[in-house]
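Q: Provided herewith is a single structure, encoded as C-alpha coordinates, for subsequent inquiry.
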Amino acid sequence: MKTPTDEQLLVDHLSGRPDAFELLVRRHSPELYRFVLRFTNNSVAADDVLQETFLQVHMSAATFDAGRRLKPWLFSVAANKARDWLRKRSRRGELPLDAQIDGDGDGGTVTFSALLASDAPEDPGDLQADEKRKLVRSVVEQLPAALREVLVLAYYHKLPYKQIAEILHAPVGTIKSRLHTAVGSFGKAYRDVLQAAELDGGENE
Amino acid sequence: MMDTRHAPDDDWLLDDQLGLLSDDDRQRLHERLRDDPELAARHRRLQRVLEPLDAWTTPPPPADLVERILDDIADRHENAPVVREVFLPYGGSGGRRLAMHDLLAVAAVIAFFFAILFPSMSVVRQRSHRAACASNLATVGRGVSAYALANRDALPYQPVGGRSSFLPAGGARSAHVVYAPNSRSLMLIARLRLVPVRVFICPSGKRRVPLKYTDLDAPGAAPDVQLCNYDSLNMAGATPSYSAAARLPYMSDANPLFADQKFNAVNPVVTNSPNHGKRGQNILLLDGTVRWSIDPNSGHRNDNIWQAGNITRYTGTEVQESADDTFLVP
(Lines give C-alpha, C1' and ligand atoms only; values in the text may rest on other atoms or scores of the structure.)
Protein backbone atom coordinates (compact mmCIF):
# COMPACT_ATOMS: atom_id res chain seq x y z
CA MET A 1 0.00 0.00 0.00
CA LYS A 2 1.34 3.42 -0.94
CA THR A 3 2.33 5.61 2.01
CA PRO A 4 0.29 8.80 2.04
CA THR A 5 2.20 12.04 1.78
CA ASP A 6 2.18 14.62 4.57
CA GLU A 7 -0.05 16.86 2.54
CA GLN A 8 -2.48 14.01 1.85
CA LEU A 9 -2.61 13.21 5.56
CA LEU A 10 -3.45 16.80 6.36
CA VAL A 11 -6.24 16.80 3.79
CA ASP A 12 -7.52 13.51 5.25
CA HIS A 13 -7.41 15.04 8.73
CA LEU A 14 -9.44 18.03 7.56
CA SER A 15 -11.88 15.65 5.94
CA GLY A 16 -12.47 13.97 9.27
CA ARG A 17 -10.20 10.93 9.12
CA PRO A 18 -9.51 10.38 12.83
CA ASP A 19 -6.02 8.89 12.69
CA ALA A 20 -4.54 11.15 10.00
CA PHE A 21 -3.22 13.78 12.39
CA GLU A 22 -1.80 11.13 14.71
CA LEU A 23 0.14 9.69 11.79
CA LEU A 24 1.58 13.13 11.08
CA VAL A 25 2.63 13.53 14.70
CA ARG A 26 4.25 10.10 14.78
CA ARG A 27 6.02 10.70 11.48
CA HIS A 28 7.53 14.08 12.32
CA SER A 29 7.87 14.32 16.08
CA PRO A 30 11.29 12.59 16.30
CA GLU A 31 12.93 14.92 13.78
CA LEU A 32 11.18 18.01 15.12
CA TYR A 33 12.13 17.04 18.66
CA ARG A 34 15.81 16.82 17.70
CA PHE A 35 15.60 20.14 15.88
CA VAL A 36 14.01 21.91 18.84
CA LEU A 37 16.34 20.23 21.30
CA ARG A 38 19.38 21.46 19.39
CA PHE A 39 17.80 24.87 19.07
CA THR A 40 16.88 25.31 22.74
CA ASN A 41 19.41 22.93 24.27
CA ASN A 42 16.84 22.02 26.86
CA SER A 43 14.94 18.72 26.83
CA VAL A 44 12.02 20.03 28.92
CA ALA A 45 11.70 23.00 26.59
CA ALA A 46 11.88 20.71 23.54
CA ASP A 47 9.04 18.68 25.00
CA ASP A 48 6.88 21.76 25.63
CA VAL A 49 7.73 23.43 22.35
CA LEU A 50 6.84 20.33 20.40
CA GLN A 51 3.45 20.07 22.10
CA GLU A 52 2.80 23.73 21.37
CA THR A 53 3.93 23.21 17.79
CA PHE A 54 1.52 20.39 17.05
CA LEU A 55 -1.29 22.14 18.86
CA GLN A 56 -0.71 25.19 16.67
CA VAL A 57 -0.59 23.05 13.54
CA HIS A 58 -3.78 21.31 14.61
CA MET A 59 -5.58 24.60 15.17
CA SER A 60 -4.30 26.20 11.97
CA ALA A 61 -4.51 23.16 9.71
CA ALA A 62 -7.35 24.65 7.70
CA THR A 63 -5.27 27.67 6.81
CA PHE A 64 -2.48 25.62 5.27
CA ASP A 65 -2.07 26.06 1.55
CA ALA A 66 -2.46 22.55 0.15
CA GLY A 67 -0.22 23.47 -2.78
CA ARG A 68 2.80 23.81 -0.50
CA ARG A 69 4.87 21.21 1.29
CA LEU A 70 3.96 20.48 4.88
CA LYS A 71 7.39 19.76 6.32
CA PRO A 72 8.82 23.29 5.98
CA TRP A 73 5.65 24.59 7.62
CA LEU A 74 6.08 22.22 10.56
CA PHE A 75 9.67 23.34 11.02
CA SER A 76 8.65 26.95 10.64
CA VAL A 77 6.05 26.67 13.41
CA ALA A 78 8.51 24.79 15.61
CA ALA A 79 11.22 27.39 15.01
CA ASN A 80 8.81 30.19 15.95
CA LYS A 81 7.78 28.41 19.13
CA ALA A 82 11.40 27.71 20.02
CA ARG A 83 12.30 31.38 19.48
CA ASP A 84 9.38 32.35 21.72
CA TRP A 85 10.71 30.06 24.39
CA LEU A 86 14.23 31.50 24.09
CA ARG A 87 12.82 35.03 24.25
CA LYS A 88 10.89 34.25 27.42
CA ARG A 89 13.94 32.67 28.93
CA SER A 90 16.07 35.69 28.12
CA ARG A 91 13.44 37.97 29.69
CA ARG A 92 13.73 35.88 32.82
CA GLY A 93 17.47 36.49 32.65
CA GLU A 94 18.43 32.84 32.64
CA LEU A 95 20.90 33.05 29.81
CA PRO A 96 21.87 35.64 27.24
CA LEU A 97 20.08 35.19 23.94
CA ASP A 98 21.93 35.32 20.67
CA ALA A 99 25.32 36.02 22.14
CA GLN A 100 27.54 37.13 19.29
CA ILE A 101 30.53 35.04 18.53
CA ASP A 102 33.63 37.13 18.92
CA GLY A 103 35.34 35.43 15.98
CA ASP A 104 38.62 37.26 15.80
CA GLY A 105 38.68 38.53 19.27
CA ASP A 106 38.02 42.02 18.00
CA GLY A 107 34.32 41.66 17.40
CA GLY A 108 34.59 40.50 13.77
CA THR A 109 33.35 37.23 12.33
CA VAL A 110 35.71 34.79 10.74
CA THR A 111 35.00 34.18 7.07
CA PHE A 112 34.36 30.80 5.61
CA SER A 113 37.15 31.10 3.06
CA ALA A 114 39.60 32.38 5.64
CA LEU A 115 38.79 29.42 7.81
CA LEU A 116 39.35 26.96 5.00
CA ALA A 117 42.54 28.73 3.94
CA SER A 118 44.01 28.38 7.42
CA ASP A 119 44.57 25.37 9.58
CA ALA A 120 41.29 23.80 10.48
CA PRO A 121 40.86 22.74 14.09
CA GLU A 122 42.36 19.41 14.85
CA ASP A 123 40.47 17.30 17.31
CA PRO A 124 42.61 15.92 20.09
CA GLY A 125 42.32 12.20 19.82
CA ASP A 126 41.98 11.67 23.51
CA LEU A 127 38.82 13.77 23.85
CA GLN A 128 36.05 11.59 25.23
CA ALA A 129 32.90 11.34 23.13
CA ASP A 130 30.76 12.82 25.86
CA GLU A 131 33.18 15.70 26.44
CA LYS A 132 33.30 16.38 22.73
CA ARG A 133 29.53 16.36 22.49
CA LYS A 134 29.24 18.87 25.31
CA LEU A 135 31.93 21.02 23.77
CA VAL A 136 30.27 21.11 20.36
CA ARG A 137 26.91 21.74 21.96
CA SER A 138 28.22 24.69 23.96
CA VAL A 139 29.91 26.18 20.89
CA VAL A 140 26.79 25.84 18.74
CA GLU A 141 24.68 27.21 21.55
CA GLN A 142 26.72 30.37 21.60
CA LEU A 143 26.12 31.02 17.91
CA PRO A 144 23.54 33.69 17.21
CA ALA A 145 20.09 32.13 16.80
CA ALA A 146 19.93 33.05 13.10
CA LEU A 147 23.16 31.14 12.45
CA ARG A 148 22.38 28.32 14.82
CA GLU A 149 19.03 27.51 13.23
CA VAL A 150 20.39 27.50 9.69
CA LEU A 151 23.34 25.30 10.73
CA VAL A 152 21.05 22.84 12.49
CA LEU A 153 18.59 22.68 9.62
CA ALA A 154 21.27 22.29 6.96
CA TYR A 155 23.75 20.02 8.70
CA TYR A 156 21.68 17.87 11.01
CA HIS A 157 18.43 17.76 9.08
CA LYS A 158 19.93 17.86 5.60
CA LEU A 159 17.22 20.16 4.35
CA PRO A 160 17.78 21.80 0.96
CA TYR A 161 18.30 25.56 0.86
CA LYS A 162 14.89 26.18 -0.62
CA GLN A 163 13.11 24.51 2.29
CA ILE A 164 15.29 26.28 4.84
CA ALA A 165 14.47 29.55 3.15
CA GLU A 166 10.80 28.67 3.42
CA ILE A 167 11.11 27.78 7.09
CA LEU A 168 13.03 30.89 8.02
CA HIS A 169 11.19 33.24 5.66
CA ALA A 170 14.37 34.46 4.03
CA PRO A 171 15.75 34.39 0.46
CA VAL A 172 17.85 31.40 -0.57
CA GLY A 173 20.88 33.67 -1.06
CA THR A 174 20.61 34.90 2.50
CA ILE A 175 20.35 31.34 3.77
CA LYS A 176 23.52 30.31 1.91
CA SER A 177 25.31 33.34 3.24
CA ARG A 178 24.18 32.61 6.79
CA LEU A 179 25.28 29.01 6.48
CA HIS A 180 28.76 29.97 5.36
CA THR A 181 28.95 32.40 8.25
CA ALA A 182 27.66 29.78 10.66
CA VAL A 183 30.23 27.19 9.54
CA GLY A 184 33.01 29.76 9.68
CA SER A 185 31.96 30.96 13.12
CA PHE A 186 31.61 27.45 14.46
CA GLY A 187 35.00 26.41 13.14
CA LYS A 188 36.73 29.43 14.62
CA ALA A 189 34.96 29.19 17.98
CA TYR A 190 35.58 25.47 18.26
CA ARG A 191 39.27 25.93 17.52
CA ASP A 192 39.49 28.69 20.11
CA VAL A 193 37.79 26.52 22.71
CA LEU A 194 40.15 23.64 22.00
CA GLN A 195 43.18 25.88 22.21
CA ALA A 196 41.96 27.33 25.51
CA ALA A 197 41.39 23.81 26.83
CA GLU A 198 44.92 22.79 25.76
CA LEU A 199 46.37 25.82 27.53
CA ASP A 200 44.43 25.00 30.66
CA GLY A 201 45.60 21.42 30.45
CA GLY A 202 49.23 22.52 29.98
CA GLU A 203 49.11 24.86 32.91
CA ASN A 204 47.56 22.23 35.10
CA GLU A 205 50.22 19.65 34.29
CA MET B 1 22.78 39.96 9.13
CA MET B 2 26.37 39.05 8.83
CA ASP B 3 27.55 38.32 5.33
CA THR B 4 30.42 36.10 4.43
CA ARG B 5 32.53 36.44 1.34
CA HIS B 6 33.51 33.05 -0.03
CA ALA B 7 35.29 31.60 -3.01
CA PRO B 8 33.15 30.26 -5.88
CA ASP B 9 34.08 26.67 -5.08
CA ASP B 10 33.12 27.00 -1.44
CA ASP B 11 29.45 26.51 -2.26
CA TRP B 12 30.33 23.33 -4.08
CA LEU B 13 32.49 22.03 -1.26
CA LEU B 14 29.90 22.80 1.40
CA ASP B 15 27.05 21.32 -0.61
CA ASP B 16 29.07 18.15 -0.99
CA GLN B 17 29.53 17.92 2.77
CA LEU B 18 25.81 18.53 3.32
CA GLY B 19 24.86 15.90 0.75
CA LEU B 20 23.09 18.45 -1.43
CA LEU B 21 24.96 17.75 -4.66
CA SER B 22 23.41 15.74 -7.42
CA ASP B 23 25.20 12.55 -8.44
CA ASP B 24 26.59 14.23 -11.56
CA ASP B 25 27.88 17.25 -9.64
CA ARG B 26 29.43 15.06 -6.98
CA GLN B 27 31.23 13.05 -9.64
CA ARG B 28 32.50 16.22 -11.31
CA LEU B 29 33.70 17.60 -7.96
CA HIS B 30 35.57 14.45 -7.08
CA GLU B 31 37.25 14.43 -10.50
CA ARG B 32 38.40 17.99 -9.80
CA LEU B 33 39.57 17.07 -6.32
CA ARG B 34 41.87 14.47 -7.90
CA ASP B 35 43.33 17.06 -10.27
CA ASP B 36 43.43 20.11 -7.97
CA PRO B 37 45.50 19.65 -4.79
CA GLU B 38 44.59 23.09 -3.44
CA LEU B 39 40.88 22.36 -3.77
CA ALA B 40 41.40 18.95 -2.20
CA ALA B 41 43.16 20.61 0.74
CA ARG B 42 40.24 22.97 1.22
CA HIS B 43 37.91 20.01 1.03
CA ARG B 44 39.77 18.23 3.82
CA ARG B 45 39.85 21.34 5.99
CA LEU B 46 36.09 21.76 5.61
CA GLN B 47 35.64 18.12 6.57
CA ARG B 48 37.68 18.75 9.70
CA VAL B 49 35.61 21.85 10.53
CA LEU B 50 32.34 19.99 10.22
CA GLU B 51 33.40 16.66 11.64
CA PRO B 52 33.03 17.68 15.32
CA LEU B 53 29.39 18.51 14.68
CA ASP B 54 28.72 14.79 14.34
CA ALA B 55 29.62 14.41 17.99
CA TRP B 56 26.57 16.36 19.02
CA THR B 57 24.10 13.54 19.07
CA THR B 58 20.69 13.98 20.54
CA PRO B 59 18.60 11.48 22.47
CA PRO B 60 15.40 10.23 20.94
CA PRO B 61 12.20 11.91 22.09
CA PRO B 62 10.52 10.50 25.20
CA ALA B 63 8.56 7.36 24.41
CA ASP B 64 5.27 8.88 25.48
CA LEU B 65 5.71 12.21 23.71
CA VAL B 66 3.33 11.44 20.86
CA GLU B 67 0.63 10.31 23.28
CA ARG B 68 1.06 13.42 25.38
CA ILE B 69 0.87 15.64 22.30
CA LEU B 70 -2.33 13.94 21.15
CA ASP B 71 -3.82 14.07 24.66
CA ASP B 72 -2.97 17.74 24.91
CA ILE B 73 -4.68 18.46 21.60
CA ALA B 74 -7.72 16.45 22.62
CA ASP B 75 -7.94 18.27 25.98
CA ARG B 76 -7.62 21.70 24.50
CA HIS B 77 -10.03 20.86 21.72
CA GLU B 78 -12.66 19.71 24.21
CA ASN B 79 -12.19 22.84 26.31
CA ALA B 80 -12.22 25.15 23.33
CA PRO B 81 -14.96 27.78 23.23
CA VAL B 82 -18.13 26.59 21.57
CA VAL B 83 -17.88 29.34 19.01
CA ARG B 84 -14.96 27.52 17.44
CA GLU B 85 -17.27 24.64 16.66
CA VAL B 86 -19.23 26.88 14.37
CA PHE B 87 -16.24 26.88 12.07
CA LEU B 88 -15.84 23.12 12.06
CA PRO B 89 -18.70 22.13 9.81
CA TYR B 90 -17.32 18.73 8.86
CA GLY B 91 -17.01 17.58 12.43
CA GLY B 92 -13.28 17.16 12.01
CA SER B 93 -10.89 18.33 14.63
CA GLY B 94 -9.39 20.93 12.33
CA GLY B 95 -11.10 24.02 10.98
CA ARG B 96 -11.40 25.04 7.39
CA ARG B 97 -11.67 28.31 5.58
CA LEU B 98 -15.06 29.75 4.83
CA ALA B 99 -15.90 28.94 1.25
CA MET B 100 -17.87 31.18 -1.06
CA HIS B 101 -21.06 29.21 -0.55
CA ASP B 102 -20.70 29.68 3.22
CA LEU B 103 -20.49 33.41 2.76
CA LEU B 104 -23.44 33.36 0.39
CA ALA B 105 -25.46 31.38 2.90
CA VAL B 106 -24.64 33.87 5.66
CA ALA B 107 -25.49 36.76 3.33
CA ALA B 108 -28.79 35.10 2.44
CA VAL B 109 -29.69 34.66 6.12
CA ILE B 110 -28.83 38.29 6.83
CA ALA B 111 -30.86 39.42 3.82
CA PHE B 112 -33.78 37.25 4.95
CA PHE B 113 -33.84 38.77 8.43
CA PHE B 114 -33.30 42.23 7.01
CA ALA B 115 -36.26 41.73 4.68
CA ILE B 116 -38.41 40.66 7.63
CA LEU B 117 -37.24 43.29 10.05
CA PHE B 118 -36.81 46.28 7.77
CA PRO B 119 -40.51 46.95 7.13
CA SER B 120 -41.35 46.64 10.81
CA MET B 121 -38.39 48.84 11.71
CA SER B 122 -39.55 51.31 9.12
CA VAL B 123 -43.08 51.30 10.58
CA VAL B 124 -41.68 51.85 14.06
CA ARG B 125 -39.60 54.75 12.81
CA GLN B 126 -42.59 56.30 11.05
CA ARG B 127 -44.70 56.04 14.18
CA SER B 128 -41.93 57.55 16.24
CA HIS B 129 -41.62 60.50 13.87
CA ARG B 130 -45.35 60.96 13.79
CA ALA B 131 -45.50 61.07 17.59
CA ALA B 132 -42.61 63.55 17.78
CA CYS B 133 -44.32 65.69 15.15
CA ALA B 134 -47.58 65.64 17.14
CA SER B 135 -45.60 66.66 20.21
CA ASN B 136 -44.23 69.66 18.30
CA LEU B 137 -47.73 70.76 17.35
CA ALA B 138 -48.98 70.27 20.91
CA THR B 139 -46.17 72.51 22.15
CA VAL B 140 -47.11 75.15 19.59
CA GLY B 141 -50.72 74.83 20.75
CA ARG B 142 -49.68 75.62 24.32
CA GLY B 143 -47.62 78.57 23.07
CA VAL B 144 -50.54 79.94 21.07
CA SER B 145 -52.79 79.50 24.08
CA ALA B 146 -50.37 81.44 26.27
CA TYR B 147 -50.10 84.16 23.62
CA ALA B 148 -53.88 84.47 23.32
CA LEU B 149 -54.23 84.63 27.05
CA ALA B 150 -51.83 87.56 27.22
CA ASN B 151 -53.19 89.32 24.11
CA ARG B 152 -56.92 89.45 24.60
CA ASP B 153 -57.66 86.22 22.72
CA ALA B 154 -55.70 87.25 19.60
CA LEU B 155 -53.70 84.82 17.51
CA PRO B 156 -50.00 85.55 16.94
CA TYR B 157 -49.74 88.08 14.11
CA GLN B 158 -46.74 89.93 12.70
CA PRO B 159 -47.59 91.86 9.50
CA VAL B 160 -44.89 93.63 7.53
CA GLY B 161 -45.53 97.35 7.20
CA GLY B 162 -49.03 96.94 8.49
CA ARG B 163 -49.96 94.63 5.61
CA SER B 164 -49.53 90.98 5.04
CA SER B 165 -49.73 88.22 2.49
CA PHE B 166 -48.47 84.69 2.31
CA LEU B 167 -45.71 83.49 0.02
CA PRO B 168 -47.41 82.13 -3.12
CA ALA B 169 -44.32 80.07 -3.78
CA GLY B 170 -43.88 80.33 -7.47
CA GLY B 171 -47.13 82.04 -8.32
CA ALA B 172 -47.27 85.37 -10.14
CA ARG B 173 -46.41 88.14 -7.71
CA SER B 174 -47.81 91.63 -7.76
CA ALA B 175 -45.57 94.67 -7.44
CA HIS B 176 -48.16 96.23 -5.17
CA VAL B 177 -48.14 93.46 -2.58
CA VAL B 178 -45.72 93.17 0.31
CA TYR B 179 -44.94 89.52 0.52
CA ALA B 180 -43.83 87.93 3.77
CA PRO B 181 -43.95 84.36 4.95
CA ASN B 182 -47.04 83.50 6.92
CA SER B 183 -44.83 81.57 9.32
CA ARG B 184 -43.48 84.95 10.45
CA SER B 185 -46.63 85.32 12.52
CA LEU B 186 -46.42 81.77 13.80
CA MET B 187 -42.87 82.31 14.94
CA LEU B 188 -43.85 85.21 17.09
CA ILE B 189 -44.41 82.72 19.89
CA ALA B 190 -40.80 81.53 19.53
CA ARG B 191 -39.57 85.14 19.44
CA LEU B 192 -41.43 85.64 22.72
CA ARG B 193 -39.81 82.44 24.00
CA LEU B 194 -43.18 80.76 24.49
CA VAL B 195 -41.92 77.76 22.49
CA PRO B 196 -38.46 76.58 21.44
CA VAL B 197 -37.51 77.05 17.77
CA ARG B 198 -36.97 73.34 17.29
CA VAL B 199 -40.72 72.69 17.34
CA PHE B 200 -40.97 74.12 13.82
CA ILE B 201 -39.00 71.19 12.44
CA CYS B 202 -40.93 68.02 11.70
CA PRO B 203 -38.73 64.92 12.25
CA SER B 204 -40.04 63.48 8.98
CA GLY B 205 -39.64 66.68 7.03
CA LYS B 206 -36.87 67.38 4.56
CA ARG B 207 -35.55 70.37 6.47
CA ARG B 208 -33.88 69.41 9.71
CA VAL B 209 -32.02 72.60 10.72
CA PRO B 210 -34.01 74.75 13.14
CA LEU B 211 -34.07 78.52 13.17
CA LYS B 212 -31.81 80.50 15.43
CA TYR B 213 -33.37 82.84 17.97
CA THR B 214 -31.14 85.58 16.57
CA ASP B 215 -32.93 85.20 13.21
CA LEU B 216 -36.20 86.01 14.95
CA ASP B 217 -34.99 88.77 17.20
CA ALA B 218 -33.81 91.13 14.46
CA PRO B 219 -36.23 94.01 13.81
CA GLY B 220 -38.52 93.19 10.89
CA ALA B 221 -37.08 89.71 10.66
CA ALA B 222 -38.67 87.56 8.01
CA PRO B 223 -37.81 83.95 8.94
CA ASP B 224 -36.66 81.71 6.20
CA VAL B 225 -39.53 79.44 5.29
CA GLN B 226 -37.04 76.70 4.62
CA LEU B 227 -36.48 76.53 8.36
CA CYS B 228 -40.05 75.61 9.09
CA ASN B 229 -41.82 72.61 7.63
CA TYR B 230 -45.21 73.32 9.10
CA ASP B 231 -47.83 75.61 7.64
CA SER B 232 -50.34 77.66 9.60
CA LEU B 233 -53.57 79.57 9.26
CA ASN B 234 -53.30 82.34 6.67
CA MET B 235 -53.05 85.46 8.81
CA ALA B 236 -53.67 87.75 5.81
CA GLY B 237 -57.20 86.46 5.66
CA ALA B 238 -60.00 86.36 8.13
CA THR B 239 -58.41 85.70 11.50
CA PRO B 240 -60.72 84.35 14.13
CA SER B 241 -60.11 84.91 17.80
CA TYR B 242 -58.54 82.09 19.72
CA SER B 243 -61.60 81.01 21.65
CA ALA B 244 -64.16 81.68 18.93
CA ALA B 245 -63.10 78.77 16.71
CA ALA B 246 -61.84 76.06 19.01
CA ARG B 247 -62.16 73.27 16.41
CA LEU B 248 -60.52 75.22 13.58
CA PRO B 249 -57.29 73.71 12.24
CA TYR B 250 -54.55 76.23 12.99
CA MET B 251 -51.37 74.46 11.94
CA SER B 252 -50.34 71.23 10.17
CA ASP B 253 -47.61 69.47 8.32
CA ALA B 254 -46.56 71.28 5.14
CA ASN B 255 -49.20 72.06 2.52
CA PRO B 256 -48.42 69.93 -0.60
CA LEU B 257 -49.52 72.79 -2.87
CA PHE B 258 -46.62 74.97 -1.72
CA ALA B 259 -44.04 72.41 -0.64
CA ASP B 260 -40.39 72.82 -1.64
CA GLN B 261 -40.85 76.57 -2.28
CA LYS B 262 -42.77 76.13 -5.47
CA PHE B 263 -46.34 75.77 -6.51
CA ASN B 264 -47.15 72.11 -7.05
CA ALA B 265 -49.95 71.20 -9.39
CA VAL B 266 -51.35 68.45 -7.22
CA ASN B 267 -54.96 67.74 -6.43
CA PRO B 268 -55.34 69.23 -2.93
CA VAL B 269 -58.45 67.20 -2.32
CA VAL B 270 -56.62 63.90 -2.24
CA THR B 271 -53.00 64.85 -1.58
CA ASN B 272 -51.56 64.61 1.88
CA SER B 273 -48.56 66.51 3.23
CA PRO B 274 -45.17 65.41 1.92
CA ASN B 275 -43.77 65.46 5.47
CA HIS B 276 -44.86 61.90 6.26
CA GLY B 277 -44.57 60.40 2.82
CA LYS B 278 -48.04 61.61 1.85
CA ARG B 279 -49.54 59.06 4.23
CA GLY B 280 -51.28 61.77 6.23
CA GLN B 281 -50.61 64.82 8.38
CA ASN B 282 -50.76 65.96 11.95
CA ILE B 283 -53.18 68.82 12.49
CA LEU B 284 -53.25 71.21 15.45
CA LEU B 285 -56.69 72.60 16.30
CA LEU B 286 -57.03 75.90 18.07
CA ASP B 287 -58.26 74.16 21.20
CA GLY B 288 -54.81 72.62 21.48
CA THR B 289 -55.67 69.10 20.39
CA VAL B 290 -53.55 67.37 17.75
CA ARG B 291 -54.87 64.69 15.50
CA TRP B 292 -53.48 62.51 12.74
CA SER B 293 -55.49 62.72 9.55
CA ILE B 294 -55.11 60.72 6.38
CA ASP B 295 -57.56 62.99 4.60
CA PRO B 296 -56.83 66.64 3.80
CA ASN B 297 -60.55 67.37 3.98
CA SER B 298 -60.31 67.69 7.74
CA GLY B 299 -61.42 71.29 8.35
CA HIS B 300 -64.65 72.61 9.68
CA ARG B 301 -67.46 70.72 7.95
CA ASN B 302 -64.87 68.66 6.08
CA ASP B 303 -63.35 71.74 4.54
CA ASN B 304 -60.12 71.14 2.63
CA ILE B 305 -57.27 72.49 4.72
CA TRP B 306 -54.88 73.19 1.80
CA GLN B 307 -56.90 75.57 -0.31
CA ALA B 308 -58.91 78.75 0.09
CA GLY B 309 -62.39 77.96 -1.16
CA ASN B 310 -61.94 76.36 -4.54
CA ILE B 311 -59.16 78.61 -5.76
CA THR B 312 -56.58 76.82 -7.86
CA ARG B 313 -54.24 79.70 -8.84
CA TYR B 314 -52.43 81.59 -6.08
CA THR B 315 -50.70 84.96 -6.07
CA GLY B 316 -50.28 85.37 -2.32
CA THR B 317 -53.25 87.60 -1.85
CA GLU B 318 -55.91 84.91 -1.71
CA VAL B 319 -57.74 84.69 1.56
CA GLN B 320 -60.24 82.41 3.23
CA GLU B 321 -63.79 82.48 2.02
CA SER B 322 -65.06 82.70 5.58
CA ALA B 323 -63.87 82.69 9.16
CA ASP B 324 -64.23 78.90 9.32
CA ASP B 325 -62.54 78.22 5.98
CA THR B 326 -59.17 76.67 6.78
CA PHE B 327 -56.28 77.75 4.58
CA LEU B 328 -52.88 76.61 5.90
CA VAL B 329 -50.01 78.26 4.04
CA PRO B 330 -46.23 78.74 4.38
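By order in the C-alpha coordinates, chains are A, B, ...; within a chain, residues start at 1; ligands start at 1, following the order shown.
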Range 175-189 of chain B: which residues within 7 Å, counting only C-alpha atoms, same-chain residues fewer than 3 positions away excluded, as a PyMOL selection string?
A: chain B and resi 143-144+147+156-158+160+163-167+192-195+222-223+225+231-232+234-235+329-330
Q: Residues of range 45-267 of chain B in helix (DSSP H, G or I) according to DSSP, as number ranges by chain?
A: B: 45-55, 65-78, 82-85, 100-150, 183-186, 188-191, 197-200, 213-217, 225-227, 259-261
Q: When the cut-off is 8 Å and we count only C-alpha atoms, which residues of chain A are near chain B, given as a PyMOL selection string?
A: chain A and resi 13-18+22+25-26+29-30+33-34+37-38+47+50-51+54-55+58-63+111-113+116-117+119-123+129+132-134+136-137+154-155+158+160+177-178+180-181+183+186-187
Q: Looking at only C-alpha atoms, which of A:Leu9, A:Val150, A:Ala82, A:Leu24 is the one that sits closest to Ile167 in chain A?
A: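 Smallest distance to Ile167 in chain A is found for A:Val150.
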Q: Determine the nearest neighbour of Trp306 in chain B from the options B:Leu233, B:Ala190, B:Ala323, B:Leu286, counting only C-alpha atoms.
A: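 Of B:Leu233, B:Ala190, B:Ala323, B:Leu286, the one nearest Trp306 in chain B is B:Leu233, counting only C-alpha atoms.
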Q: In terms of the shortest atom-to-atom distance over only C-alpha atoms, which of A:Leu10, A:Leu135, A:Ala145, A:Ala45 is closest to Ala66 in chain A?
A: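 Of A:Leu10, A:Leu135, A:Ala145, A:Ala45, the one nearest Ala66 in chain A, counting only C-alpha atoms, is A:Leu10.
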